[in-house]
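**Q** Okay, handing you the structure first.
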Amino acid sequence: GVPISTAEEWQRISFGRYPGLQKYYEERREDFNKRRYVDTPFGRRRYIQTFPQALNAPVQSTAADIVLSKLNQCFYDKHLILGFRFMMR
(Lines give C-alpha, C1' and ligand atoms only; values in the text may rest on other atoms or scores of the structure.)
Protein backbone atom coordinates (compact mmCIF):
# COMPACT_ATOMS: atom_id res chain seq x y z
CA GLY A 1 0.00 0.00 0.00
CA VAL A 2 0.79 3.65 -0.07
CA PRO A 3 1.80 5.42 3.16
CA ILE A 4 -0.96 7.64 4.54
CA SER A 5 1.25 10.71 4.34
CA THR A 6 1.83 10.10 0.62
CA ALA A 7 -1.92 9.57 -0.02
CA GLU A 8 -2.74 12.77 1.87
CA GLU A 9 -0.17 14.67 -0.22
CA TRP A 10 -1.67 13.30 -3.47
CA GLN A 11 -5.11 14.32 -2.25
CA ARG A 12 -3.94 17.82 -1.40
CA ILE A 13 -2.30 18.21 -4.83
CA SER A 14 -5.37 16.81 -6.62
CA PHE A 15 -7.75 19.12 -4.76
CA GLY A 16 -5.53 22.08 -5.64
CA ARG A 17 -5.31 21.12 -9.29
CA TYR A 18 -8.99 20.15 -9.74
CA PRO A 19 -11.24 22.35 -7.56
CA GLY A 20 -14.39 20.42 -8.51
CA LEU A 21 -12.88 17.26 -7.09
CA GLN A 22 -13.02 18.55 -3.52
CA LYS A 23 -16.67 19.55 -3.98
CA TYR A 24 -17.45 16.06 -5.32
CA TYR A 25 -15.60 14.49 -2.37
CA GLU A 26 -17.54 16.57 0.15
CA GLU A 27 -20.90 15.87 -1.52
CA ARG A 28 -20.24 12.11 -1.48
CA ARG A 29 -19.22 12.30 2.19
CA GLU A 30 -22.49 14.10 2.95
CA ASP A 31 -24.47 11.46 1.01
CA PHE A 32 -22.71 8.71 2.89
CA ASN A 33 -23.19 10.26 6.32
CA LYS A 34 -26.85 11.22 5.83
CA ARG A 35 -28.36 8.61 3.57
CA ARG A 36 -25.98 5.70 3.04
CA TYR A 37 -26.76 5.80 -0.66
CA VAL A 38 -25.86 7.79 -3.76
CA ASP A 39 -27.85 8.44 -6.93
CA THR A 40 -26.32 8.14 -10.37
CA PRO A 41 -27.01 10.64 -13.18
CA PHE A 42 -29.14 7.93 -14.85
CA GLY A 43 -31.35 7.69 -11.75
CA ARG A 44 -30.08 4.46 -10.22
CA ARG A 45 -29.73 4.41 -6.47
CA ARG A 46 -26.68 2.62 -5.08
CA TYR A 47 -26.71 1.67 -1.40
CA ILE A 48 -23.25 1.84 0.09
CA GLN A 49 -21.46 0.63 3.19
CA THR A 50 -18.19 2.55 3.15
CA PHE A 51 -17.06 6.03 2.19
CA PRO A 52 -14.74 4.77 -0.61
CA GLN A 53 -17.81 3.11 -2.14
CA ALA A 54 -19.58 6.48 -1.97
CA LEU A 55 -16.77 7.99 -4.04
CA ASN A 56 -16.61 5.16 -6.57
CA ALA A 57 -20.24 4.07 -7.00
CA PRO A 58 -21.52 7.07 -9.01
CA VAL A 59 -18.58 6.92 -11.42
CA GLN A 60 -18.59 3.16 -11.89
CA SER A 61 -22.39 2.89 -12.07
CA THR A 62 -22.60 5.69 -14.63
CA ALA A 63 -19.99 3.96 -16.79
CA ALA A 64 -21.96 0.70 -16.54
CA ASP A 65 -25.19 2.52 -17.46
CA ILE A 66 -23.55 3.99 -20.57
CA VAL A 67 -22.18 0.60 -21.66
CA LEU A 68 -25.54 -1.11 -21.08
CA SER A 69 -27.43 1.56 -23.01
CA LYS A 70 -25.06 1.19 -25.96
CA LEU A 71 -25.32 -2.63 -25.85
CA ASN A 72 -29.09 -2.30 -25.83
CA GLN A 73 -28.92 0.07 -28.77
CA CYS A 74 -26.69 -2.37 -30.70
CA PHE A 75 -29.11 -5.21 -29.95
CA TYR A 76 -32.04 -3.13 -31.16
CA ASP A 77 -30.19 -1.96 -34.30
CA LYS A 78 -29.13 -5.55 -35.12
CA HIS A 79 -32.70 -6.79 -34.94
CA LEU A 80 -33.92 -3.84 -36.96
CA ILE A 81 -31.31 -4.53 -39.68
CA LEU A 82 -31.92 -8.30 -39.66
CA GLY A 83 -35.68 -7.71 -39.86
CA PHE A 84 -35.22 -5.37 -42.81
CA ARG A 85 -33.03 -7.92 -44.62
CA PHE A 86 -35.61 -10.62 -44.01
CA MET A 87 -38.37 -8.45 -45.46
CA MET A 88 -36.29 -7.70 -48.59
CA ARG A 89 -35.97 -11.39 -49.56
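Labeling convention for the C-alpha coordinates: chains A, B, ... as they appear, residues from 1 per chain, ligands from 1 in order of appearance.
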Would you mind listing what lies within 8 Å of Val38 (chain A) as a PyMOL selection string, with only C-alpha atoms counted and same-chain residues fewer than 3 positions away left out?

**A** chain A and resi 28+31-32+35+45-48+54+57-58

**Q** Filtering to N, CA and C atoms, could you give me those residues as a PDB file, in the first residue's frame?

**A**
```pdb
ATOM      1  N   ARG A  28     -20.132  13.560  -1.700  1.00  0.00           N
ATOM      2  CA  ARG A  28     -20.242  12.110  -1.477  1.00  0.00           C
ATOM      3  C   ARG A  28     -20.158  11.785   0.017  1.00  0.00           C
ATOM      4  N   ASP A  31     -23.553  12.545   1.381  1.00  0.00           N
ATOM      5  CA  ASP A  31     -24.474  11.464   1.009  1.00  0.00           C
ATOM      6  C   ASP A  31     -24.268  10.246   1.896  1.00  0.00           C
ATOM      7  N   PHE A  32     -23.017   9.897   2.090  1.00  0.00           N
ATOM      8  CA  PHE A  32     -22.706   8.711   2.890  1.00  0.00           C
ATOM      9  C   PHE A  32     -23.151   8.895   4.338  1.00  0.00           C
ATOM     10  N   ARG A  35     -27.410   9.521   4.188  1.00  0.00           N
ATOM     11  CA  ARG A  35     -28.363   8.611   3.574  1.00  0.00           C
ATOM     12  C   ARG A  35     -27.858   7.187   3.376  1.00  0.00           C
ATOM     13  N   ARG A  45     -30.120   4.178  -7.857  1.00  0.00           N
ATOM     14  CA  ARG A  45     -29.727   4.408  -6.471  1.00  0.00           C
ATOM     15  C   ARG A  45     -28.826   3.262  -6.038  1.00  0.00           C
ATOM     16  N   ARG A  46     -27.652   3.621  -5.526  1.00  0.00           N
ATOM     17  CA  ARG A  46     -26.684   2.624  -5.077  1.00  0.00           C
ATOM     18  C   ARG A  46     -26.524   2.741  -3.566  1.00  0.00           C
ATOM     19  N   TYR A  47     -26.894   1.693  -2.844  1.00  0.00           N
ATOM     20  CA  TYR A  47     -26.714   1.674  -1.397  1.00  0.00           C
ATOM     21  C   TYR A  47     -25.279   1.286  -1.099  1.00  0.00           C
ATOM     22  N   ILE A  48     -24.684   1.987  -0.157  1.00  0.00           N
ATOM     23  CA  ILE A  48     -23.250   1.843   0.092  1.00  0.00           C
ATOM     24  C   ILE A  48     -22.986   1.577   1.570  1.00  0.00           C
ATOM     25  N   ALA A  54     -18.823   5.263  -1.658  1.00  0.00           N
ATOM     26  CA  ALA A  54     -19.579   6.476  -1.972  1.00  0.00           C
ATOM     27  C   ALA A  54     -18.853   7.304  -3.036  1.00  0.00           C
ATOM     28  N   ALA A  57     -18.977   4.588  -6.454  1.00  0.00           N
ATOM     29  CA  ALA A  57     -20.240   4.069  -7.002  1.00  0.00           C
ATOM     30  C   ALA A  57     -20.843   4.948  -8.099  1.00  0.00           C
ATOM     31  N   PRO A  58     -20.929   6.266  -7.933  1.00  0.00           N
ATOM     32  CA  PRO A  58     -21.521   7.067  -9.012  1.00  0.00           C
ATOM     33  C   PRO A  58     -20.730   6.983 -10.320  1.00  0.00           C
TER      34      PRO A  58
END
```

**Q** Pick out the closest residue to Gln22 (chain A) from this set: A:Asp39, A:Leu55, A:Pro3, A:Arg44. Count only C-alpha atoms.

**A**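 The closest residue to Gln22 (chain A) is A:Leu55.
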
**Q** Among the residues of chain A, find those DSSP assigns to helix (DSSP H, G or I) from the backbone and print them as number ranges by chain.

**A** A: 4-17, 19-34, 51-88
